[in-house]
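> Below is the file work_32.txt, which contains compact mmCIF, C-alpha atoms.
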```
# COMPACT_ATOMS: atom_id res chain seq x y z
CA MET A 316 -11.27 34.95 247.22
CA ALA A 317 -8.84 36.10 244.57
CA GLY A 318 -8.76 33.88 241.48
CA ARG A 319 -12.35 32.57 241.72
CA LEU A 320 -14.60 33.16 238.69
CA GLY A 321 -17.54 35.48 239.34
CA GLY A 322 -16.17 36.84 242.61
CA ALA A 323 -16.82 35.86 246.19
CA GLY A 324 -20.49 35.28 245.91
CA SER A 325 -20.63 32.99 242.83
CA SER A 326 -21.54 29.63 244.21
CA SER A 327 -24.00 29.06 241.29
CA PRO A 328 -23.18 26.24 238.83
CA LEU A 329 -23.76 28.61 235.85
CA PRO A 330 -20.16 29.91 235.60
CA ARG A 331 -18.86 26.36 235.83
CA ALA A 332 -21.13 25.36 232.92
CA LEU A 333 -19.96 28.35 230.89
CA LEU A 334 -16.37 27.32 231.51
CA LEU A 335 -17.08 23.81 230.22
CA LEU A 336 -18.84 25.21 227.15
CA ALA A 337 -15.90 27.48 226.37
CA ALA A 338 -13.47 24.59 226.70
CA ALA A 339 -15.58 22.42 224.39
CA ALA A 340 -15.80 25.22 221.82
CA LEU A 341 -12.04 25.74 221.94
CA PHE A 342 -11.43 21.99 221.43
CA SER A 343 -13.86 21.84 218.47
CA LEU A 344 -12.27 24.88 216.84
CA SER A 345 -8.78 23.39 217.23
CA PHE A 346 -9.91 20.03 215.78
CA LEU A 347 -11.54 21.67 212.75
CA THR A 348 -8.52 23.87 212.17
CA LEU A 349 -6.14 20.92 212.22
CA ARG A 350 -8.43 18.90 209.96
CA SER A 351 -8.59 21.74 207.45
CA LEU A 352 -4.81 21.60 207.14
CA ARG A 353 -4.94 18.04 205.76
CA PRO A 354 -4.92 17.72 201.95
CA ALA A 355 -8.43 16.87 200.83
CA ALA A 356 -8.93 13.68 198.86
CA VAL A 357 -10.03 14.52 195.32
CA PRO A 358 -12.94 12.33 194.25
CA SER A 359 -12.68 10.64 190.90
CA ILE A 360 -15.47 12.08 188.76
CA SER A 361 -15.96 11.25 185.13
CA LEU A 362 -16.69 13.91 182.54
CA ASP A 363 -20.37 13.02 182.41
CA GLU A 364 -20.73 12.90 186.20
CA SER A 365 -19.06 16.27 186.68
CA ARG A 366 -21.48 17.84 184.21
CA LEU A 367 -24.50 16.37 185.96
CA LEU A 368 -23.38 17.14 189.50
CA ALA A 369 -22.33 20.75 188.94
CA PRO A 370 -25.31 23.18 189.46
CA PRO A 371 -25.78 25.95 186.87
CA PHE A 372 -24.40 28.63 189.18
CA SER A 373 -21.22 26.79 190.17
CA PRO A 374 -17.84 27.32 188.49
CA ALA A 375 -16.89 24.90 185.73
CA PRO A 376 -15.30 21.67 187.04
CA PRO A 377 -11.57 21.25 186.42
CA ARG A 378 -10.62 19.69 183.10
CA PRO A 379 -10.13 15.92 183.47
CA SER A 380 -6.50 14.93 183.17
CA VAL A 381 -5.35 13.13 180.02
CA TYR A 382 -2.98 11.09 182.22
CA HIS A 383 -3.96 8.13 184.37
CA SER A 384 -1.91 9.59 187.22
CA PRO A 385 -0.41 13.03 186.56
CA GLU A 386 1.55 12.96 189.83
CA ALA A 387 3.10 9.55 189.16
CA PHE A 388 3.96 10.51 185.57
CA SER A 389 5.58 13.78 186.65
CA ALA A 390 7.67 12.12 189.36
CA GLY A 391 8.64 9.16 187.18
CA TYR A 392 9.56 11.36 184.22
CA ALA A 393 11.83 13.49 186.42
CA GLU A 394 13.56 10.38 187.79
CA MET A 395 13.98 9.00 184.27
CA GLU A 396 15.61 12.24 183.12
CA ARG A 397 17.91 12.18 186.14
CA SER A 398 19.14 8.60 186.18
CA PHE A 399 18.11 6.44 183.19
CA LYS A 400 21.04 5.09 181.14
CA VAL A 401 21.11 2.96 177.98
CA TYR A 402 24.12 1.24 176.43
CA ILE A 403 24.16 0.85 172.63
CA TYR A 404 26.13 -2.08 171.28
CA PRO A 405 28.85 -0.67 168.99
CA ASP A 406 29.17 -3.68 166.68
CA GLY A 407 27.98 -3.90 163.10
CA ASP A 408 28.75 -2.25 159.79
CA PRO A 409 27.27 1.30 159.79
CA LYS A 410 27.25 1.33 155.97
CA THR A 411 24.90 -1.62 155.70
CA PHE A 412 22.28 -2.45 158.30
CA TYR A 413 23.47 -1.37 161.72
CA GLN A 414 23.70 1.78 163.79
CA THR A 415 22.05 4.24 161.40
CA PRO A 416 18.43 4.50 160.24
CA ARG A 417 17.37 4.23 156.64
CA LYS A 418 15.58 7.58 156.62
CA LEU A 419 13.53 9.96 158.77
CA THR A 420 10.50 10.21 156.50
CA GLY A 421 7.51 8.09 155.59
CA LYS A 422 5.20 5.87 157.60
CA TYR A 423 8.11 4.01 159.21
CA ALA A 424 9.89 7.21 160.26
CA SER A 425 9.47 6.33 163.93
CA GLU A 426 12.13 3.62 163.64
CA GLY A 427 14.63 5.98 162.04
CA TYR A 428 13.95 8.78 164.51
CA PHE A 429 14.47 6.51 167.49
CA PHE A 430 17.84 5.29 166.17
CA GLN A 431 18.96 8.87 165.68
CA ASN A 432 17.43 10.27 168.87
CA ILE A 433 19.00 7.71 171.20
CA ARG A 434 22.43 8.80 170.00
CA GLU A 435 21.59 12.49 170.44
CA SER A 436 20.10 12.06 173.89
CA ARG A 437 21.57 12.25 177.37
CA PHE A 438 20.35 8.70 178.08
CA ARG A 439 23.20 7.10 176.16
CA THR A 440 26.13 5.82 178.22
CA GLU A 441 29.48 4.49 177.06
CA ASP A 442 29.80 2.49 180.28
CA PRO A 443 27.86 -0.79 180.04
CA ASP A 444 28.27 -1.42 183.76
CA SER A 445 26.21 1.68 184.55
CA ALA A 446 23.47 0.88 182.02
CA ASP A 447 19.90 0.12 182.99
CA LEU A 448 19.07 -1.31 179.55
CA PHE A 449 20.95 -2.46 176.45
CA PHE A 450 19.85 -1.41 172.95
CA VAL A 451 20.37 -3.87 170.08
CA PRO A 452 20.76 -1.39 167.17
CA ILE A 453 19.72 -3.30 164.09
CA SER A 454 17.22 -1.76 161.68
CA PRO A 455 15.11 -4.16 159.61
CA HIS A 456 13.59 -1.14 157.87
CA LYS A 457 17.02 -0.21 156.55
CA MET A 458 17.55 -3.77 155.37
CA ARG A 459 14.19 -3.66 153.63
CA GLY A 460 15.23 -0.48 151.85
CA LYS A 461 18.32 -2.21 150.49
CA GLY A 462 16.25 -5.03 149.03
CA THR A 463 17.16 -7.71 151.56
CA SER A 464 14.75 -10.64 151.38
CA TYR A 465 12.85 -11.74 154.46
CA GLU A 466 14.78 -15.03 154.57
CA ASN A 467 18.16 -13.28 154.48
CA MET A 468 17.01 -10.66 156.94
CA THR A 469 16.16 -13.35 159.48
CA ILE A 470 19.62 -14.90 159.06
CA ILE A 471 21.38 -11.53 159.41
CA VAL A 472 19.47 -10.64 162.58
CA LYS A 473 20.09 -14.06 164.11
CA ASP A 474 23.83 -14.01 163.36
CA TYR A 475 24.18 -10.46 164.68
CA VAL A 476 22.41 -11.08 167.99
CA GLU A 477 24.14 -14.38 168.60
CA GLY A 478 27.45 -12.62 167.95
CA LEU A 479 26.64 -10.07 170.68
CA ILE A 480 25.70 -12.84 173.10
CA ASN A 481 28.99 -14.64 172.50
CA LYS A 482 31.14 -11.51 172.64
CA TYR A 483 29.65 -9.68 175.64
CA PRO A 484 28.62 -10.91 179.12
CA TYR A 485 25.58 -8.66 179.54
CA TRP A 486 22.94 -10.78 177.83
CA ASN A 487 23.56 -13.84 179.97
CA ARG A 488 23.06 -11.94 183.24
CA THR A 489 19.31 -11.75 182.59
CA LEU A 490 18.85 -13.93 179.48
CA GLY A 491 18.19 -10.70 177.59
CA ALA A 492 15.47 -9.30 179.87
CA ASP A 493 17.30 -5.95 180.09
CA HIS A 494 17.78 -5.73 176.30
CA PHE A 495 15.45 -4.13 173.74
CA PHE A 496 15.15 -3.68 170.00
CA VAL A 497 13.08 -1.25 167.93
CA THR A 498 11.21 -1.88 164.69
CA CYS A 499 8.27 -0.14 163.08
CA HIS A 500 8.16 -2.18 159.88
CA ASP A 501 5.85 -5.21 159.97
CA VAL A 502 8.58 -7.28 158.32
CA GLY A 503 10.92 -6.14 161.11
CA VAL A 504 8.85 -8.03 163.64
CA ARG A 505 9.12 -11.16 161.52
CA ALA A 506 12.88 -10.66 161.15
CA PHE A 507 13.36 -11.67 164.79
CA GLU A 508 11.42 -14.92 164.48
CA GLY A 509 14.70 -16.84 164.31
CA LEU A 510 15.39 -15.72 167.89
CA PRO A 511 12.44 -17.05 169.93
CA PHE A 512 14.32 -16.55 173.22
CA MET A 513 14.73 -12.86 172.36
CA VAL A 514 11.06 -12.47 171.48
CA LYS A 515 10.17 -14.11 174.79
CA ASN A 516 12.61 -12.32 177.09
CA SER A 517 13.64 -8.97 175.61
CA ILE A 518 11.61 -5.78 175.36
CA ARG A 519 10.18 -5.35 171.88
CA VAL A 520 9.45 -1.74 170.86
CA VAL A 521 7.18 -2.23 167.86
CA CYS A 522 4.57 -0.38 165.81
CA SER A 523 2.36 -3.48 165.54
CA PRO A 524 1.54 -4.28 169.19
CA SER A 525 -1.17 -6.87 168.75
CA TYR A 526 -1.64 -8.65 172.05
CA ASN A 527 -3.45 -11.61 170.52
CA VAL A 528 -0.09 -12.84 169.16
CA ASP A 529 3.39 -12.51 170.65
CA PHE A 530 3.18 -8.95 172.01
CA ILE A 531 3.22 -8.89 175.82
CA PRO A 532 1.84 -5.54 177.11
CA HIS A 533 3.58 -5.48 180.48
CA LYS A 534 6.94 -6.31 178.85
CA ASP A 535 6.86 -4.85 175.35
CA VAL A 536 6.29 -1.25 174.24
CA ALA A 537 3.91 0.09 171.60
CA LEU A 538 5.79 2.42 169.26
CA PRO A 539 3.55 5.09 167.69
CA GLN A 540 3.59 4.99 163.90
CA VAL A 541 4.06 8.64 162.92
CA LEU A 542 4.21 9.68 159.28
CA GLN A 543 6.55 12.66 159.22
CA PRO A 544 7.02 15.32 158.03
CA PHE A 545 3.40 16.46 158.30
CA ALA A 546 2.21 18.29 155.20
CA LEU A 547 0.24 20.95 157.10
CA PRO A 548 0.41 22.60 160.55
CA LYS A 549 -1.22 20.95 163.52
CA GLY A 550 -4.90 21.56 164.15
CA GLY A 551 -6.53 22.50 167.42
CA ASN A 552 -8.90 24.99 169.04
CA ASP A 553 -10.88 25.00 165.80
CA VAL A 554 -14.05 23.08 166.66
CA GLU A 555 -16.26 25.58 164.85
CA ASN A 556 -14.72 24.49 161.52
CA ARG A 557 -15.40 20.81 162.09
CA THR A 558 -18.78 20.32 160.45
CA ASN A 559 -18.29 16.80 159.03
CA LEU A 560 -19.19 13.93 161.35
CA GLY A 561 -16.63 11.30 160.29
CA PHE A 562 -13.96 10.57 157.68
CA TRP A 563 -11.90 7.65 156.38
CA ALA A 564 -10.22 6.92 153.07
CA GLY A 565 -7.74 4.15 152.45
CA HIS A 566 -6.89 0.76 151.04
CA ARG A 567 -9.17 -2.15 151.87
CA ASN A 568 -6.30 -4.31 153.14
CA SER A 569 -8.07 -5.79 156.17
CA LYS A 570 -11.43 -7.34 157.00
CA ILE A 571 -12.53 -4.37 159.11
CA ARG A 572 -11.73 -1.92 156.32
CA VAL A 573 -13.72 -3.96 153.82
CA ILE A 574 -16.73 -3.93 156.16
CA LEU A 575 -16.32 -0.22 156.94
CA ALA A 576 -16.34 0.69 153.25
CA ARG A 577 -19.20 -1.65 152.37
CA VAL A 578 -21.49 -0.43 155.15
CA TRP A 579 -20.83 3.31 155.09
CA GLU A 580 -19.37 4.38 151.71
CA ASN A 581 -22.73 5.80 150.51
CA ASP A 582 -23.67 7.52 153.76
CA THR A 583 -24.44 11.26 153.59
CA GLU A 584 -22.96 12.13 157.01
CA LEU A 585 -19.90 9.89 157.06
CA ALA A 586 -17.24 10.59 154.41
CA ILE A 587 -16.10 7.01 153.87
CA SER A 588 -14.16 6.10 150.73
CA ASN A 589 -12.86 2.70 149.75
CA ASN A 590 -10.28 4.37 147.54
CA ARG A 591 -7.13 5.85 149.01
CA ILE A 592 -6.72 9.61 148.51
CA SER A 593 -3.09 10.19 147.64
CA ARG A 594 -1.26 12.31 150.19
CA ALA A 595 0.80 13.75 147.33
CA ILE A 596 -2.09 15.50 145.57
CA GLY A 597 -1.14 19.15 145.09
CA GLU A 598 -4.17 20.56 146.91
CA LEU A 599 -3.57 18.22 149.89
CA VAL A 600 -7.16 17.01 149.71
CA TYR A 601 -6.55 14.16 152.14
CA GLN A 602 -4.92 16.24 154.88
CA LYS A 603 -7.43 19.11 154.63
CA GLN A 604 -10.27 16.67 155.24
CA PHE A 605 -8.91 16.14 158.77
CA TYR A 606 -9.37 19.85 159.53
CA ARG A 607 -13.07 19.75 158.61
CA THR A 608 -14.00 16.59 160.50
CA LYS A 609 -14.95 15.86 164.11
CA PHE A 610 -14.12 12.14 164.20
CA CYS A 611 -11.51 10.41 162.03
CA ILE A 612 -12.00 6.67 161.70
CA CYS A 613 -8.83 4.62 162.30
CA PRO A 614 -9.43 0.97 161.37
CA GLY A 615 -6.57 -1.50 161.61
CA GLY A 616 -4.84 -2.33 158.33
CA SER A 617 -2.64 -5.32 157.64
CA GLN A 618 -1.73 -4.97 161.34
CA VAL A 619 -3.64 -3.45 164.27
CA ASN A 620 -1.84 -0.13 163.92
CA SER A 621 -2.13 2.71 161.44
CA ALA A 622 -0.31 6.00 160.83
CA ARG A 623 -3.79 7.50 160.52
CA ILE A 624 -4.01 7.67 164.32
CA SER A 625 -1.07 10.06 164.60
CA ASP A 626 -2.39 11.98 161.57
CA SER A 627 -5.70 12.44 163.37
CA ILE A 628 -3.98 13.60 166.54
CA HIS A 629 -1.77 16.06 164.65
CA TYR A 630 -4.65 17.62 162.73
CA GLY A 631 -6.94 17.83 165.77
CA CYS A 632 -9.50 15.26 164.60
CA VAL A 633 -10.67 12.95 167.39
CA PRO A 634 -9.47 9.45 166.42
CA VAL A 635 -11.95 6.60 166.45
CA ILE A 636 -9.95 3.43 167.14
CA LEU A 637 -11.59 0.56 165.29
CA SER A 638 -9.13 -2.26 165.85
CA ASP A 639 -9.21 -5.26 168.18
CA TYR A 640 -6.24 -6.47 170.25
CA TYR A 641 -4.44 -3.13 169.93
CA ASP A 642 -2.23 -2.06 172.85
CA LEU A 643 -2.33 1.67 172.16
CA PRO A 644 0.89 3.72 172.35
CA PHE A 645 1.71 5.12 175.81
CA ASN A 646 -1.33 3.35 177.24
CA ASP A 647 0.45 3.08 180.61
CA VAL A 648 0.48 6.87 180.85
CA LEU A 649 -2.31 8.33 178.69
CA ASP A 650 -6.02 7.83 179.27
CA TRP A 651 -7.09 7.34 175.65
CA LYS A 652 -10.77 7.63 176.49
CA LYS A 653 -10.20 11.32 177.30
CA PHE A 654 -9.19 12.19 173.72
CA ALA A 655 -10.30 9.29 171.51
CA ILE A 656 -13.22 6.95 170.90
CA VAL A 657 -12.09 3.36 171.40
CA LEU A 658 -14.42 0.79 169.85
CA LYS A 659 -14.48 -2.91 169.08
CA GLU A 660 -14.46 -3.94 165.43
CA ARG A 661 -17.96 -5.33 165.85
CA ASP A 662 -19.15 -1.77 166.59
CA VAL A 663 -18.59 -0.81 162.95
CA TYR A 664 -22.26 -1.50 162.18
CA GLU A 665 -23.35 1.02 164.82
CA LEU A 666 -20.62 3.54 164.01
CA LYS A 667 -22.87 6.38 162.91
CA SER A 668 -25.28 6.13 165.83
CA ILE A 669 -22.36 5.97 168.29
CA LEU A 670 -20.76 9.12 166.88
CA LYS A 671 -24.08 11.00 166.70
CA SER A 672 -24.80 10.16 170.33
CA ILE A 673 -21.74 12.16 171.41
CA SER A 674 -22.91 15.66 172.37
CA GLN A 675 -21.18 18.82 171.19
CA GLU A 676 -20.03 19.44 174.75
CA GLU A 677 -18.47 15.99 174.95
CA PHE A 678 -16.82 16.45 171.55
CA VAL A 679 -15.30 19.79 172.62
CA ALA A 680 -13.89 18.12 175.76
CA LEU A 681 -12.37 15.32 173.65
CA HIS A 682 -10.91 17.82 171.20
CA ASN A 683 -9.41 19.99 173.96
CA SER A 684 -7.81 16.94 175.55
CA LEU A 685 -6.48 15.89 172.14
CA VAL A 686 -4.66 19.21 171.82
CA GLN A 687 -2.96 18.54 175.17
CA ILE A 688 -1.37 15.28 173.99
CA GLN A 689 -0.29 16.31 170.48
CA LYS A 690 3.26 16.97 171.74
CA HIS A 691 3.62 13.27 172.62
CA PHE A 692 3.08 12.10 169.03
CA VAL A 693 5.73 14.03 167.14
CA TRP A 694 9.44 13.29 166.65
CA HIS A 695 12.21 15.88 166.74
CA SER A 696 15.92 15.81 165.98
CA PRO A 697 17.44 16.43 168.40
CA PRO A 698 14.63 15.24 170.71
CA ILE A 699 12.82 17.65 173.02
CA PRO A 700 11.11 16.96 176.38
CA TYR A 701 7.83 15.04 176.30
CA ASP A 702 8.00 14.29 172.56
CA ALA A 703 7.50 10.80 171.09
CA PHE A 704 11.09 9.79 171.81
CA HIS A 705 10.92 10.77 175.48
CA MET A 706 7.56 9.01 175.86
CA VAL A 707 9.07 5.79 174.45
CA MET A 708 12.02 6.20 176.80
CA TYR A 709 9.61 6.64 179.70
CA GLU A 710 7.87 3.39 178.76
CA LEU A 711 11.27 1.69 178.70
CA TRP A 712 12.15 3.24 182.05
CA LEU A 713 8.96 1.75 183.53
CA ARG A 714 10.24 -1.67 182.44
CA HIS A 715 13.90 -1.35 183.36
CA HIS A 716 13.75 -2.80 186.88
CA VAL A 717 15.35 -6.14 186.10
CA ILE A 718 17.24 -8.33 188.58
CA LYS A 719 20.89 -8.64 187.57
CA TYR A 720 22.64 -11.80 188.73
```
Is it possible to express this structure as C-alpha cells?

Amino acid sequence: MAGRLGGAGSSSPLPRALLLLAAAALFSLSFLTLRSLRPAAVPSISLDESRLLAPPFSPAPPRPSVYHSPEAFSAGYAEMERSFKVYIYPDGDPKTFYQTPRKLTGKYASEGYFFQNIRESRFRTEDPDSADLFFVPISPHKMRGKGTSYENMTIIVKDYVEGLINKYPYWNRTLGADHFFVTCHDVGVRAFEGLPFMVKNSIRVVCSPSYNVDFIPHKDVALPQVLQPFALPKGGNDVENRTNLGFWAGHRNSKIRVILARVWENDTELAISNNRISRAIGELVYQKQFYRTKFCICPGGSQVNSARISDSIHYGCVPVILSDYYDLPFNDVLDWKKFAIVLKERDVYELKSILKSISQEEFVALHNSLVQIQKHFVWHSPPIPYDAFHMVMYELWLRHHVIKY
C-alpha cells in the first residue's frame, strides 16, 4: 500500500522502532540546539581559583574585572550621563568663600577641582525644579587659605546654609536629603558641626570618610584625595623595574605610623623611613621611589585617608591600605582587592611576611588591574569621561533617588 514504510511486506516491528529512534534523536537535537542559544551563566572564580583550575594546556583565563559589576556600572554610568542634573545655589560672595575654589594644586586639590568641574560639566542645570540634587557651594578650604579661624568658619557655614533654607523651598521638601556639600580639608568637616541636621541628612562628599564617626557609607561619598599636579608621568606595565618590596616615608602623625616606623625602619627589604622625604627635592627622590617598588604602604595619618594612595595608583605601585574604618573611594564600584592590599592596622606586625607571601604572578595581576583604574583617580579641567569627577558624580547619582514631598 502506498505510503507505508518498508513497502507492502514490512509487518516487522523493526521499522517502527527505527521511526521512534529517529523522532527521539530529532527531539534531543532540537532541545540541545535551543539550550545552546541561552546565554551561559559565568561562574564567579577568584584569581587564585582560576589559576588552580586551568590545566597547563588551556588558554589563560580572562582577566578578573576591577569592577564589582561591570554591566551594572556601564548601564548606570550611561543613564547618569543622559539624565542626571544638579542645581548649584547661586548665593554667596564669589570673592570671599563661595562659588570658586581656592586653588587646583596641593593635597586638597580635589575640593577645588570639583567646584570647577561641576560648573564646566553638562550635569549643571539652571532649573531647580528639574534637579535631582542640590549642591551647597561653600569651600572651607578656601576659607582656611584666607586665614579664617575654625570658630568663625563654623559661624559662616551655619549662617550661609540657614540663609539658603529660609530663602528657597527645596531644602524643606526632604529636610536636606537631596542636598550635598564637598570638602577635602579635615577642618572642612568640622566646619559643618554647627549644622547637625545637615550632617545627619545631607550627602557629605569628604576626603576623610571614617565610618567609626559620623560618616555613613550608604549616604555619604568618599572623595579621593589626589595631590595634583603629579611631578612625573604615570607608571604602569613596568613590573620588571620594581625590585623593592615595600616603601613608605612620612610624618609620624598617627599611632599606626609610629608603629610602622618603629617596627620596620631598619628592615633590609622594606624601605620604611620615619622622616618625610620632601616632594620638592630637585631629583624627585620621593616620587622615583614609587617607580622602583612593588608595594607602597599607605597608613592613615591624622585621618583615615592619605594622598599617598592616589600617588601609589598614579605611579603604578600597588597600594597597601593600612587604615581601619576607611570607606575607600568608589568602593561601591571598584573591587579594591583586585588592585590593592587591604589590611587591618593590627597586621602591621606581619607586614613583611604578608607582602612576601604574594607570588610574582599575583603581583603582576594586581599591577595590571591597577593600570586599568588609574583613569579614575585623576582630575581634569574640563572633566573627561570616567575621571575622578565623573566617578564622584556616579556615586552621587547612586544616591539621588530621594522621595520629594
> Go ahead and compute the interatomic distance for atom CA of A:Asp662 and atom CA of A:Leu637, in Å to one decimal.
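Those two atoms sit 8.0 Å apart.
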> Restricting the calculation to only C-alpha atoms: of A:Ser517, A:Thr463, A:Gln431, A:Ser668, which residue gets closest to A:Leu585?
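Under the stated criterion, the closest residue is A:Ser668.
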> Near stretch 529-543 of chain A, counting all atoms listed in the file, which residues have an atom at most 6 Å away, once you skip same-chain residues fewer than 5 positions from it, shown as a list of chain:residue names?
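Non-adjacent residues within range: A:Thr420, A:Gly421, A:Lys422, A:Ser425, A:Ile518, A:Arg519, A:Val520, A:Val521, A:Cys522, A:Pro524, A:Ala622, A:Ser625, A:Pro644.
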> Could you check which of A:Leu547, A:Val472, A:Ala680, A:Ile656 is closest to A:Phe610, using all atoms listed in the file?
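Nearest candidate to A:Phe610 out of A:Leu547, A:Val472, A:Ala680, A:Ile656: A:Ile656.
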> Would you list the contacts of stretch 434-450 of chain A as a short mmCIF file (atom, residue, chain, number, x, y, z; two decimals) with C-alpha atoms, in the coordinates of the input, taking every protein, DNA or RNA residue within 8 Å and counting only C-alpha atoms, but skipping same-chain residues closer than 2 positions in sequence?

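Wrote it out as out-v3.cif, contents follow:
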```
data_model
loop_
_atom_site.label_atom_id
_atom_site.label_comp_id
_atom_site.auth_asym_id
_atom_site.auth_seq_id
_atom_site.Cartn_x
_atom_site.Cartn_y
_atom_site.Cartn_z
CA GLU A 396 15.61 12.24 183.12
CA PHE A 399 18.11 6.44 183.19
CA LYS A 400 21.04 5.09 181.14
CA VAL A 401 21.11 2.96 177.98
CA TYR A 402 24.12 1.24 176.43
CA ILE A 403 24.16 0.85 172.63
CA TYR A 404 26.13 -2.08 171.28
CA PHE A 430 17.84 5.29 166.17
CA GLN A 431 18.96 8.87 165.68
CA ASN A 432 17.43 10.27 168.87
CA PRO A 452 20.76 -1.39 167.17
CA ASP A 493 17.30 -5.95 180.09
CA HIS A 494 17.78 -5.73 176.30
CA PHE A 495 15.45 -4.13 173.74
CA PHE A 496 15.15 -3.68 170.00
CA SER A 696 15.92 15.81 165.98
CA PRO A 697 17.44 16.43 168.40
CA PRO A 698 14.63 15.24 170.71
CA HIS A 715 13.90 -1.35 183.36
CA HIS A 716 13.75 -2.80 186.88
#
```
> Could you name the residues that touch A:Ala703 at 10 Å or less, counting all atoms listed in the file, but leaving out those on the same chain fewer than 4 positions away, as JSON, numbers by chain?
{"A": [425, 428, 429, 538, 539, 541, 644, 645, 689, 690, 691, 692, 693, 694, 695, 698, 699, 707, 708, 709]}
> Would you export the selected residues with C-alpha atoms as a PDB file, keeping the file's coordinate frame, please?

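Once everything was written out, this is selection15.pdb:
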```pdb
ATOM      1  CA  SER A 425       9.470   6.330 163.930  1.00  0.00           C
ATOM      2  CA  TYR A 428      13.950   8.780 164.510  1.00  0.00           C
ATOM      3  CA  PHE A 429      14.470   6.510 167.490  1.00  0.00           C
ATOM      4  CA  LEU A 538       5.790   2.420 169.260  1.00  0.00           C
ATOM      5  CA  PRO A 539       3.550   5.090 167.690  1.00  0.00           C
ATOM      6  CA  VAL A 541       4.060   8.640 162.920  1.00  0.00           C
ATOM      7  CA  PRO A 644       0.890   3.720 172.350  1.00  0.00           C
ATOM      8  CA  PHE A 645       1.710   5.120 175.810  1.00  0.00           C
ATOM      9  CA  GLN A 689      -0.290  16.310 170.480  1.00  0.00           C
ATOM     10  CA  LYS A 690       3.260  16.970 171.740  1.00  0.00           C
ATOM     11  CA  HIS A 691       3.620  13.270 172.620  1.00  0.00           C
ATOM     12  CA  PHE A 692       3.080  12.100 169.030  1.00  0.00           C
ATOM     13  CA  VAL A 693       5.730  14.030 167.140  1.00  0.00           C
ATOM     14  CA  TRP A 694       9.440  13.290 166.650  1.00  0.00           C
ATOM     15  CA  HIS A 695      12.210  15.880 166.740  1.00  0.00           C
ATOM     16  CA  PRO A 698      14.630  15.240 170.710  1.00  0.00           C
ATOM     17  CA  ILE A 699      12.820  17.650 173.020  1.00  0.00           C
ATOM     18  CA  VAL A 707       9.070   5.790 174.450  1.00  0.00           C
ATOM     19  CA  MET A 708      12.020   6.200 176.800  1.00  0.00           C
ATOM     20  CA  TYR A 709       9.610   6.640 179.700  1.00  0.00           C
TER      21      TYR A 709
END
```
> With distances taken over all atoms listed in the file, which of A:Glu677, A:Gly616, A:Phe562, A:Ser389 is nearest to A:Tyr701?
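Among A:Glu677, A:Gly616, A:Phe562, A:Ser389, it is A:Ser389 that comes nearest to A:Tyr701.
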> Of the candidates A:Asn467, A:Gln675, A:Asn559, A:Asn516, which shows the shortest atom-to-atom distance to A:Val717, using only C-alpha atoms?
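So, comparing all the options, the nearest one is A:Asn516.
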> How many Å separate atom CA of A:Phe704 from atom CA of A:Tyr483?
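Pair atom CA of A:Phe704 / atom CA of A:Tyr483 returns 27.2 Å.
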> Take atom CA of A:Gly391 and atom CA of A:Ile433 and report the distance between them in Å, one decimal.
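Result for atom CA of A:Gly391 versus atom CA of A:Ile433: 19.1 Å, one decimal.
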> Could you check the closest approach to A:Lys652 for each of A:Val504, A:Tyr606, A:Ser380, A:Asn552 and tell me which residue wins, using only C-alpha atoms?
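Result for the nearest residue to A:Lys652: A:Ser380.
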> Using only C-alpha atoms, which residue out of A:His682, A:Arg572, A:Arg459, A:Arg567 lies closest to A:Ile628?
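Ranking A:His682, A:Arg572, A:Arg459, A:Arg567 by distance to A:Ile628, first place goes to A:His682.
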> May I have the protein, DNA and RNA residues with any atom at most 12 Å from the point (19.8, -11.4, 163.9), counting all atoms listed in the file, written as a ChimeraX atom specification?
/A:407,412-413,451-455,458,465-480,496,503-514
> Starting from the sparse input, extend stretch 569-576 of chain A to N, CA, C and O atoms and give the output as a compact mmCIF listing (two decimals), in the coordinates of the input.

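Final output, saved to out.txt:
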```txt
# COMPACT_ATOMS: atom_id res chain seq x y z
N SER A 569 -7.73 -5.01 154.98
CA SER A 569 -8.07 -5.79 156.17
C SER A 569 -9.58 -6.02 156.17
O SER A 569 -10.34 -5.31 155.51
N LYS A 570 -10.00 -7.00 156.94
CA LYS A 570 -11.43 -7.34 157.00
C LYS A 570 -12.25 -6.16 157.51
O LYS A 570 -13.32 -5.86 156.97
N ILE A 571 -11.75 -5.47 158.55
CA ILE A 571 -12.53 -4.37 159.11
C ILE A 571 -12.66 -3.22 158.13
O ILE A 571 -13.69 -2.54 158.06
N ARG A 572 -11.65 -3.00 157.31
CA ARG A 572 -11.73 -1.92 156.32
C ARG A 572 -12.72 -2.26 155.21
O ARG A 572 -13.43 -1.39 154.71
N VAL A 573 -12.76 -3.53 154.83
CA VAL A 573 -13.72 -3.96 153.82
C VAL A 573 -15.14 -3.73 154.33
O VAL A 573 -16.00 -3.21 153.61
N ILE A 574 -15.39 -4.11 155.58
CA ILE A 574 -16.73 -3.93 156.16
C ILE A 574 -17.06 -2.46 156.29
O ILE A 574 -18.18 -2.01 155.97
N LEU A 575 -16.10 -1.66 156.77
CA LEU A 575 -16.32 -0.22 156.94
C LEU A 575 -16.74 0.42 155.63
O LEU A 575 -17.71 1.20 155.57
N ALA A 576 -16.02 0.11 154.56
CA ALA A 576 -16.34 0.69 153.25
C ALA A 576 -17.68 0.20 152.74
O ALA A 576 -18.48 0.98 152.21
```
